[in-house]
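Below is data-v8.txt, holding compact mmCIF, N, CA and C atoms.
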```
# COMPACT_ATOMS: atom_id res chain seq x y z
N MET A 200 81.18 89.74 109.55
CA MET A 200 81.35 89.49 108.15
C MET A 200 81.28 90.79 107.36
N ARG A 201 80.40 91.69 107.81
CA ARG A 201 80.26 92.97 107.11
C ARG A 201 81.55 93.77 107.17
N ALA A 202 82.27 93.67 108.30
CA ALA A 202 83.53 94.39 108.43
C ALA A 202 84.57 93.86 107.45
N LYS A 203 84.61 92.54 107.25
CA LYS A 203 85.55 91.95 106.30
C LYS A 203 85.25 92.41 104.88
N ILE A 204 83.98 92.40 104.53
CA ILE A 204 83.59 92.83 103.18
C ILE A 204 83.97 94.29 102.98
N SER A 205 83.68 95.13 103.98
CA SER A 205 84.04 96.56 103.88
C SER A 205 85.55 96.73 103.73
N TYR A 206 86.31 95.94 104.49
CA TYR A 206 87.76 96.04 104.43
C TYR A 206 88.27 95.67 103.04
N PHE A 207 87.76 94.57 102.49
CA PHE A 207 88.23 94.13 101.17
C PHE A 207 87.80 95.08 100.07
N VAL A 208 86.60 95.64 100.17
CA VAL A 208 86.16 96.62 99.17
C VAL A 208 87.04 97.87 99.24
N THR A 209 87.30 98.34 100.45
CA THR A 209 88.16 99.52 100.61
C THR A 209 89.57 99.23 100.10
N ALA A 210 90.10 98.07 100.41
CA ALA A 210 91.44 97.70 99.94
C ALA A 210 91.47 97.63 98.41
N ALA A 211 90.43 97.07 97.80
CA ALA A 211 90.38 96.99 96.34
C ALA A 211 90.32 98.38 95.71
N VAL A 212 89.52 99.25 96.29
CA VAL A 212 89.43 100.62 95.77
C VAL A 212 90.79 101.31 95.89
N LEU A 213 91.47 101.11 97.01
CA LEU A 213 92.80 101.71 97.19
C LEU A 213 93.80 101.17 96.18
N VAL A 214 93.77 99.88 95.91
CA VAL A 214 94.69 99.30 94.92
C VAL A 214 94.43 99.90 93.54
N VAL A 215 93.16 100.04 93.16
CA VAL A 215 92.84 100.68 91.87
C VAL A 215 93.37 102.11 91.86
N TYR A 216 93.18 102.82 92.95
CA TYR A 216 93.68 104.19 93.05
C TYR A 216 95.21 104.21 92.92
N PHE A 217 95.90 103.28 93.59
CA PHE A 217 97.36 103.24 93.51
C PHE A 217 97.81 102.98 92.07
N VAL A 218 97.11 102.10 91.35
CA VAL A 218 97.46 101.82 89.96
C VAL A 218 97.26 103.07 89.10
N LEU A 219 96.16 103.76 89.31
CA LEU A 219 95.90 104.98 88.53
C LEU A 219 96.96 106.06 88.81
N VAL A 220 97.25 106.26 90.08
CA VAL A 220 98.26 107.27 90.43
C VAL A 220 99.63 106.85 89.89
N GLY A 221 99.96 105.57 90.02
CA GLY A 221 101.24 105.08 89.51
C GLY A 221 101.36 105.25 88.01
N SER A 222 100.27 105.00 87.29
CA SER A 222 100.32 105.18 85.83
C SER A 222 100.54 106.64 85.46
N ARG A 223 99.96 107.54 86.23
CA ARG A 223 100.18 108.97 85.98
C ARG A 223 101.64 109.34 86.25
N GLY A 224 102.22 108.75 87.28
CA GLY A 224 103.63 108.99 87.56
C GLY A 224 104.52 108.51 86.43
N VAL A 225 104.20 107.35 85.88
CA VAL A 225 104.98 106.81 84.76
C VAL A 225 104.82 107.71 83.54
N LEU A 226 103.60 108.18 83.28
CA LEU A 226 103.39 109.09 82.14
C LEU A 226 104.21 110.38 82.31
N LEU A 227 104.27 110.89 83.52
CA LEU A 227 105.06 112.09 83.76
C LEU A 227 106.55 111.82 83.51
N ILE A 228 107.03 110.69 83.95
CA ILE A 228 108.45 110.36 83.75
C ILE A 228 108.75 110.19 82.27
N GLU A 229 107.82 109.62 81.51
CA GLU A 229 108.02 109.41 80.08
C GLU A 229 108.13 110.73 79.31
N GLN A 230 107.64 111.82 79.87
CA GLN A 230 107.76 113.12 79.20
C GLN A 230 109.22 113.54 79.08
N GLY A 231 110.03 113.15 80.06
CA GLY A 231 111.47 113.32 79.95
C GLY A 231 112.06 114.67 80.36
N THR A 232 111.26 115.63 80.75
CA THR A 232 111.85 116.90 81.19
C THR A 232 112.19 116.79 82.68
N LEU A 233 113.06 117.65 83.12
CA LEU A 233 113.49 117.62 84.51
C LEU A 233 112.29 117.76 85.46
N LEU A 234 111.41 118.68 85.15
CA LEU A 234 110.26 118.93 86.00
C LEU A 234 109.31 117.73 86.04
N THR A 235 108.97 117.18 84.87
CA THR A 235 108.01 116.06 84.85
C THR A 235 108.61 114.78 85.43
N VAL A 236 109.92 114.57 85.24
CA VAL A 236 110.56 113.39 85.84
C VAL A 236 110.56 113.53 87.36
N THR A 237 110.82 114.72 87.86
CA THR A 237 110.80 114.96 89.31
C THR A 237 109.40 114.74 89.87
N PHE A 238 108.41 115.33 89.22
CA PHE A 238 107.02 115.13 89.68
C PHE A 238 106.59 113.67 89.55
N GLY A 239 106.99 113.03 88.46
CA GLY A 239 106.65 111.63 88.25
C GLY A 239 107.23 110.75 89.35
N GLY A 240 108.48 111.00 89.72
CA GLY A 240 109.10 110.25 90.81
C GLY A 240 108.38 110.48 92.13
N ALA A 241 108.00 111.73 92.38
CA ALA A 241 107.27 112.06 93.61
C ALA A 241 105.89 111.39 93.62
N VAL A 242 105.24 111.36 92.48
CA VAL A 242 103.92 110.74 92.38
C VAL A 242 104.02 109.23 92.60
N LEU A 243 105.11 108.61 92.14
CA LEU A 243 105.27 107.16 92.32
C LEU A 243 105.53 106.78 93.78
N ILE A 244 106.02 107.71 94.55
CA ILE A 244 106.27 107.43 95.97
C ILE A 244 104.95 107.24 96.73
N LEU A 245 103.93 108.00 96.36
CA LEU A 245 102.65 107.92 97.07
C LEU A 245 102.02 106.52 97.01
N PRO A 246 101.92 105.87 95.84
CA PRO A 246 101.36 104.51 95.86
C PRO A 246 102.23 103.53 96.63
N LEU A 247 103.54 103.71 96.61
CA LEU A 247 104.41 102.82 97.37
C LEU A 247 104.15 102.93 98.87
N ILE A 248 104.00 104.16 99.34
CA ILE A 248 103.67 104.36 100.76
C ILE A 248 102.30 103.77 101.07
N GLY A 249 101.35 103.98 100.19
CA GLY A 249 100.00 103.45 100.38
C GLY A 249 99.97 101.93 100.40
N ILE A 250 100.70 101.30 99.50
CA ILE A 250 100.76 99.83 99.47
C ILE A 250 101.40 99.30 100.74
N TRP A 251 102.48 99.94 101.17
CA TRP A 251 103.14 99.53 102.41
C TRP A 251 102.16 99.64 103.59
N PHE A 252 101.47 100.76 103.68
CA PHE A 252 100.51 100.99 104.77
C PHE A 252 99.39 99.94 104.74
N LEU A 253 98.86 99.67 103.56
CA LEU A 253 97.80 98.69 103.41
C LEU A 253 98.30 97.29 103.80
N TRP A 254 99.53 96.94 103.40
CA TRP A 254 100.11 95.65 103.74
C TRP A 254 100.29 95.50 105.25
N LYS A 255 100.84 96.54 105.90
CA LYS A 255 101.06 96.48 107.35
C LYS A 255 99.72 96.33 108.10
N ASN A 256 98.71 97.07 107.68
CA ASN A 256 97.42 96.98 108.35
C ASN A 256 96.76 95.62 108.12
N THR A 257 96.92 95.09 106.91
CA THR A 257 96.35 93.77 106.63
C THR A 257 97.04 92.71 107.49
N GLN A 258 98.35 92.80 107.64
CA GLN A 258 99.09 91.85 108.49
C GLN A 258 98.64 91.98 109.95
N PHE A 259 98.46 93.20 110.41
CA PHE A 259 98.01 93.43 111.78
C PHE A 259 96.65 92.77 112.02
N VAL A 260 95.72 93.00 111.12
CA VAL A 260 94.37 92.44 111.26
C VAL A 260 94.42 90.91 111.20
N ARG A 261 95.22 90.37 110.30
CA ARG A 261 95.33 88.91 110.17
C ARG A 261 95.88 88.30 111.46
N LYS A 262 96.92 88.92 112.02
CA LYS A 262 97.52 88.40 113.26
C LYS A 262 96.57 88.55 114.45
N ALA A 263 95.87 89.67 114.53
CA ALA A 263 94.92 89.88 115.62
C ALA A 263 93.78 88.87 115.53
N ASN A 264 93.31 88.58 114.32
CA ASN A 264 92.25 87.59 114.15
C ASN A 264 92.74 86.19 114.52
N ALA A 265 94.01 85.90 114.23
CA ALA A 265 94.56 84.60 114.60
C ALA A 265 94.63 84.46 116.12
N LEU A 266 95.01 85.54 116.80
CA LEU A 266 95.03 85.51 118.27
C LEU A 266 93.61 85.31 118.81
N ALA A 267 92.65 85.98 118.21
CA ALA A 267 91.26 85.84 118.66
C ALA A 267 90.79 84.41 118.47
N ALA A 268 91.14 83.79 117.36
CA ALA A 268 90.74 82.41 117.11
C ALA A 268 91.38 81.46 118.12
N GLU A 269 92.66 81.69 118.41
CA GLU A 269 93.36 80.85 119.39
C GLU A 269 92.75 81.02 120.78
N LEU A 270 92.49 82.26 121.15
CA LEU A 270 91.89 82.52 122.46
C LEU A 270 90.48 81.93 122.55
N ASP A 271 89.75 82.00 121.45
CA ASP A 271 88.41 81.42 121.41
C ASP A 271 88.48 79.90 121.58
N ALA A 272 89.46 79.27 120.93
CA ALA A 272 89.62 77.81 121.06
C ALA A 272 89.95 77.41 122.50
N GLU A 273 90.66 78.30 123.20
CA GLU A 273 91.00 78.04 124.61
C GLU A 273 89.86 78.39 125.55
N GLY A 274 88.85 79.07 125.04
CA GLY A 274 87.76 79.53 125.88
C GLY A 274 88.11 80.77 126.67
N GLY A 275 89.08 81.55 126.18
CA GLY A 275 89.57 82.70 126.92
C GLY A 275 89.17 84.06 126.37
N LEU A 276 88.27 84.08 125.38
CA LEU A 276 87.83 85.38 124.88
C LEU A 276 87.08 86.12 125.98
N PRO A 277 87.23 87.45 126.03
CA PRO A 277 86.52 88.20 127.07
C PRO A 277 85.01 88.11 126.86
N VAL A 278 84.30 87.93 127.96
CA VAL A 278 82.84 87.86 127.92
C VAL A 278 82.31 89.28 127.83
N ASP A 279 81.30 89.48 127.01
CA ASP A 279 80.70 90.81 126.88
C ASP A 279 79.82 91.06 128.09
N GLU A 280 80.37 91.83 129.05
CA GLU A 280 79.64 92.14 130.27
C GLU A 280 79.32 93.63 130.35
N LEU A 281 79.27 94.27 129.20
CA LEU A 281 79.06 95.71 129.15
C LEU A 281 77.59 96.07 129.13
N VAL A 282 77.27 97.12 129.84
CA VAL A 282 75.91 97.67 129.84
C VAL A 282 75.80 98.54 128.59
N ARG A 283 74.67 98.44 127.92
CA ARG A 283 74.45 99.22 126.70
C ARG A 283 73.26 100.16 126.87
N THR A 284 73.31 101.26 126.14
CA THR A 284 72.20 102.20 126.15
C THR A 284 71.05 101.63 125.32
N ALA A 285 69.93 102.30 125.33
CA ALA A 285 68.78 101.86 124.55
C ALA A 285 69.11 101.82 123.05
N GLY A 286 70.01 102.69 122.62
CA GLY A 286 70.42 102.73 121.22
C GLY A 286 71.48 101.70 120.86
N GLY A 287 71.95 100.95 121.86
CA GLY A 287 72.94 99.91 121.59
C GLY A 287 74.38 100.31 121.84
N ARG A 288 74.61 101.57 122.19
CA ARG A 288 75.98 102.01 122.48
C ARG A 288 76.43 101.52 123.84
N ILE A 289 77.74 101.34 123.95
CA ILE A 289 78.31 100.88 125.22
C ILE A 289 78.29 102.03 126.22
N ASP A 290 77.81 101.73 127.43
CA ASP A 290 77.79 102.71 128.50
C ASP A 290 79.22 102.99 128.95
N ARG A 291 79.58 104.25 129.01
CA ARG A 291 80.96 104.65 129.31
C ARG A 291 81.43 104.16 130.69
N ASP A 292 80.58 104.29 131.70
CA ASP A 292 80.96 103.84 133.05
C ASP A 292 81.19 102.33 133.08
N SER A 293 80.37 101.60 132.35
CA SER A 293 80.52 100.14 132.27
C SER A 293 81.85 99.79 131.60
N ALA A 294 82.17 100.48 130.50
CA ALA A 294 83.44 100.23 129.80
C ALA A 294 84.62 100.57 130.69
N ASP A 295 84.51 101.65 131.46
CA ASP A 295 85.60 102.02 132.37
C ASP A 295 85.80 100.98 133.47
N ALA A 296 84.71 100.41 133.98
CA ALA A 296 84.81 99.38 135.02
C ALA A 296 85.48 98.12 134.48
N VAL A 297 85.09 97.70 133.29
CA VAL A 297 85.70 96.52 132.68
C VAL A 297 87.16 96.81 132.36
N PHE A 298 87.44 98.03 131.90
CA PHE A 298 88.82 98.40 131.59
C PHE A 298 89.70 98.31 132.83
N ALA A 299 89.21 98.81 133.96
CA ALA A 299 90.00 98.76 135.20
C ALA A 299 90.31 97.32 135.59
N LYS A 300 89.36 96.43 135.39
CA LYS A 300 89.58 95.02 135.70
C LYS A 300 90.63 94.42 134.75
N ARG A 301 90.54 94.74 133.47
CA ARG A 301 91.49 94.21 132.48
C ARG A 301 92.89 94.78 132.71
N ARG A 302 92.96 96.04 133.09
CA ARG A 302 94.27 96.66 133.35
C ARG A 302 94.95 95.99 134.55
N ALA A 303 94.18 95.74 135.60
CA ALA A 303 94.74 95.05 136.78
C ALA A 303 95.19 93.65 136.42
N GLU A 304 94.42 92.96 135.60
CA GLU A 304 94.77 91.62 135.13
C GLU A 304 96.10 91.65 134.37
N THR A 305 96.27 92.65 133.54
CA THR A 305 97.49 92.78 132.73
C THR A 305 98.68 93.16 133.60
N GLU A 306 98.46 94.00 134.60
CA GLU A 306 99.56 94.37 135.51
C GLU A 306 100.03 93.17 136.32
N ASP A 307 99.11 92.24 136.62
CA ASP A 307 99.48 91.03 137.36
C ASP A 307 100.26 90.04 136.49
N ALA A 308 100.00 90.04 135.18
CA ALA A 308 100.68 89.11 134.27
C ALA A 308 101.13 89.85 133.02
N PRO A 309 102.17 90.71 133.13
CA PRO A 309 102.55 91.57 132.01
C PRO A 309 103.15 90.82 130.82
N ASP A 310 103.52 89.56 130.97
CA ASP A 310 104.12 88.81 129.86
C ASP A 310 103.13 87.85 129.21
N ASP A 311 101.86 87.94 129.57
CA ASP A 311 100.84 87.05 129.02
C ASP A 311 100.11 87.77 127.88
N TRP A 312 100.27 87.24 126.67
CA TRP A 312 99.64 87.88 125.51
C TRP A 312 98.12 87.88 125.63
N ARG A 313 97.56 86.90 126.34
CA ARG A 313 96.11 86.81 126.49
C ARG A 313 95.56 88.03 127.26
N CYS A 314 96.29 88.42 128.30
CA CYS A 314 95.88 89.60 129.08
C CYS A 314 95.95 90.85 128.22
N TRP A 315 97.00 90.96 127.42
CA TRP A 315 97.13 92.13 126.55
C TRP A 315 96.05 92.15 125.49
N PHE A 316 95.67 91.00 124.99
CA PHE A 316 94.58 90.92 124.02
C PHE A 316 93.28 91.44 124.65
N ARG A 317 92.97 90.93 125.85
CA ARG A 317 91.74 91.36 126.53
C ARG A 317 91.79 92.85 126.88
N LEU A 318 93.00 93.34 127.22
CA LEU A 318 93.14 94.78 127.49
C LEU A 318 92.88 95.59 126.22
N ALA A 319 93.36 95.10 125.08
CA ALA A 319 93.11 95.79 123.81
C ALA A 319 91.62 95.87 123.53
N VAL A 320 90.89 94.79 123.82
CA VAL A 320 89.44 94.80 123.63
C VAL A 320 88.79 95.83 124.56
N ALA A 321 89.27 95.89 125.79
CA ALA A 321 88.72 96.86 126.75
C ALA A 321 89.01 98.30 126.30
N TYR A 322 90.22 98.55 125.80
CA TYR A 322 90.53 99.88 125.26
C TYR A 322 89.59 100.21 124.11
N HIS A 323 89.37 99.24 123.24
CA HIS A 323 88.49 99.47 122.09
C HIS A 323 87.07 99.78 122.56
N ASP A 324 86.59 99.03 123.55
CA ASP A 324 85.24 99.28 124.08
C ASP A 324 85.14 100.65 124.74
N ALA A 325 86.25 101.13 125.30
CA ALA A 325 86.28 102.46 125.92
C ALA A 325 86.53 103.56 124.89
N ARG A 326 86.56 103.18 123.61
CA ARG A 326 86.75 104.09 122.48
C ARG A 326 88.13 104.77 122.48
N ASP A 327 89.13 104.04 122.93
CA ASP A 327 90.51 104.54 122.91
C ASP A 327 91.29 103.70 121.88
N THR A 328 91.05 103.99 120.61
CA THR A 328 91.61 103.18 119.53
C THR A 328 93.13 103.17 119.49
N PRO A 329 93.82 104.30 119.66
CA PRO A 329 95.29 104.24 119.61
C PRO A 329 95.88 103.30 120.68
N ARG A 330 95.36 103.35 121.89
CA ARG A 330 95.87 102.47 122.94
C ARG A 330 95.44 101.02 122.70
N ALA A 331 94.27 100.84 122.11
CA ALA A 331 93.82 99.49 121.78
C ALA A 331 94.78 98.86 120.77
N ARG A 332 95.18 99.64 119.80
CA ARG A 332 96.11 99.14 118.77
C ARG A 332 97.46 98.81 119.39
N LYS A 333 97.97 99.68 120.26
CA LYS A 333 99.25 99.42 120.93
C LYS A 333 99.20 98.16 121.79
N ALA A 334 98.10 98.00 122.52
CA ALA A 334 97.95 96.80 123.36
C ALA A 334 97.89 95.55 122.49
N MET A 335 97.19 95.63 121.35
CA MET A 335 97.12 94.47 120.46
C MET A 335 98.48 94.19 119.84
N GLN A 336 99.22 95.23 119.49
CA GLN A 336 100.57 95.03 118.96
C GLN A 336 101.45 94.33 120.00
N ARG A 337 101.30 94.69 121.25
CA ARG A 337 102.07 94.05 122.31
C ARG A 337 101.65 92.59 122.46
N ALA A 338 100.35 92.32 122.39
CA ALA A 338 99.87 90.93 122.46
C ALA A 338 100.45 90.10 121.32
N ILE A 339 100.47 90.66 120.13
CA ILE A 339 101.02 89.96 118.97
C ILE A 339 102.51 89.69 119.17
N ALA A 340 103.24 90.70 119.63
CA ALA A 340 104.68 90.54 119.84
C ALA A 340 104.97 89.48 120.90
N LEU A 341 104.21 89.49 121.98
CA LEU A 341 104.39 88.49 123.03
C LEU A 341 104.06 87.09 122.52
N HIS A 342 103.02 86.98 121.75
CA HIS A 342 102.62 85.68 121.20
C HIS A 342 103.69 85.13 120.26
N GLU A 343 104.29 86.01 119.47
CA GLU A 343 105.31 85.59 118.51
C GLU A 343 106.69 85.43 119.15
N GLY A 344 106.80 85.84 120.41
CA GLY A 344 108.08 85.73 121.09
C GLY A 344 109.09 86.78 120.66
N ARG A 345 108.58 87.85 120.03
CA ARG A 345 109.46 88.94 119.61
C ARG A 345 109.68 89.89 120.79
N PRO A 346 110.84 90.58 120.77
CA PRO A 346 111.02 91.63 121.80
C PRO A 346 109.98 92.72 121.57
N LEU A 347 109.54 93.33 122.65
CA LEU A 347 108.53 94.38 122.55
C LEU A 347 109.08 95.57 121.82
N GLY A 348 108.19 96.19 121.04
CA GLY A 348 108.58 97.38 120.29
C GLY A 348 109.13 97.07 118.92
N VAL A 349 109.14 95.79 118.51
CA VAL A 349 109.64 95.42 117.18
C VAL A 349 108.49 95.04 116.31
```
What's the structure tokens form of this structure?
Amino acid sequence: MRAKISYFVTAAVLVVYFVLVGSRGVLLIEQGTLLTVTFGGAVLILPLIGIWFLWKNTQFVRKANALAAELDAEGGLPVDELVRTAGGRIDRDSADAVFAKRRAETEDAPDDWRCWFRLAVAYHDARDTPRARKAMQRAIALHEGRPLGV
């Protein structure tokens, strides 16, 4: 729950920032000189990119959560079998062992979104966020029946 609250607070702060930056861009364009109109147009591009990025990430999180809910309803969520340090951190060797098991599972069933979901969790536990995101994107694409890479 804390992660959701943090996400929404961060998103709200970003939206306020985009509005402020956008208003400055409009003020620059209203000045009417070649230089200020050029800068104003450039400034307006930044909030558009930011809104697009925020939208794509929100969609990704929403779809990943939907997959988690579906997998949970099926009883297929990965069991937390990781060894933790005294401070609560995941032991690296334990994460690597679980990752190897999840990777073999995915290689055996490369078209099963459930395997890709569990592999994404294993990547995340092994602190490999870029690969975790790619694996989750593949799980989402497989679940939606989209061709991979779209």
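Counting only N, CA and C atoms and comparing A:Thr257, A:Arg313, A:Gly221, A:Ala325, the residue that lies closest to Ile339 in chain A is A:Arg313.
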All helix (DSSP H, G or I) residues (DSSP, backbone) inside range 203-328 of chain A, as an NGL selection string: :A and (203-230 or 233-273 or 291-307 or 312-324 or 328)
Which residues are close to Asp324 in chain A, i.e. within 7 Å by all atoms listed in the file, leaving aside same-chain residues fewer than 2 positions away? Reply as a PyMOL selection string. chain A and resi 289+294-295+319-322+326-327
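If you look at atom N of Phe316 in chain A and atom C of Arg288 in chain A, they are 22.0 Å away from each other.
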Determine, counting all atoms listed in the file, which protein, DNA and RNA residues have an atom within 8 Å of an atom of Asp310 in chain A; residues of the same chain fewer than 5 positions away are not included. Present the result as a VMD selection string. chain A and resid 305 315 341 to 342
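Counting only C-alpha atoms and comparing A:Leu253, A:Val278, A:Ala334, A:Ala299, the residue that lies closest to Ala210 in chain A is A:Leu253.
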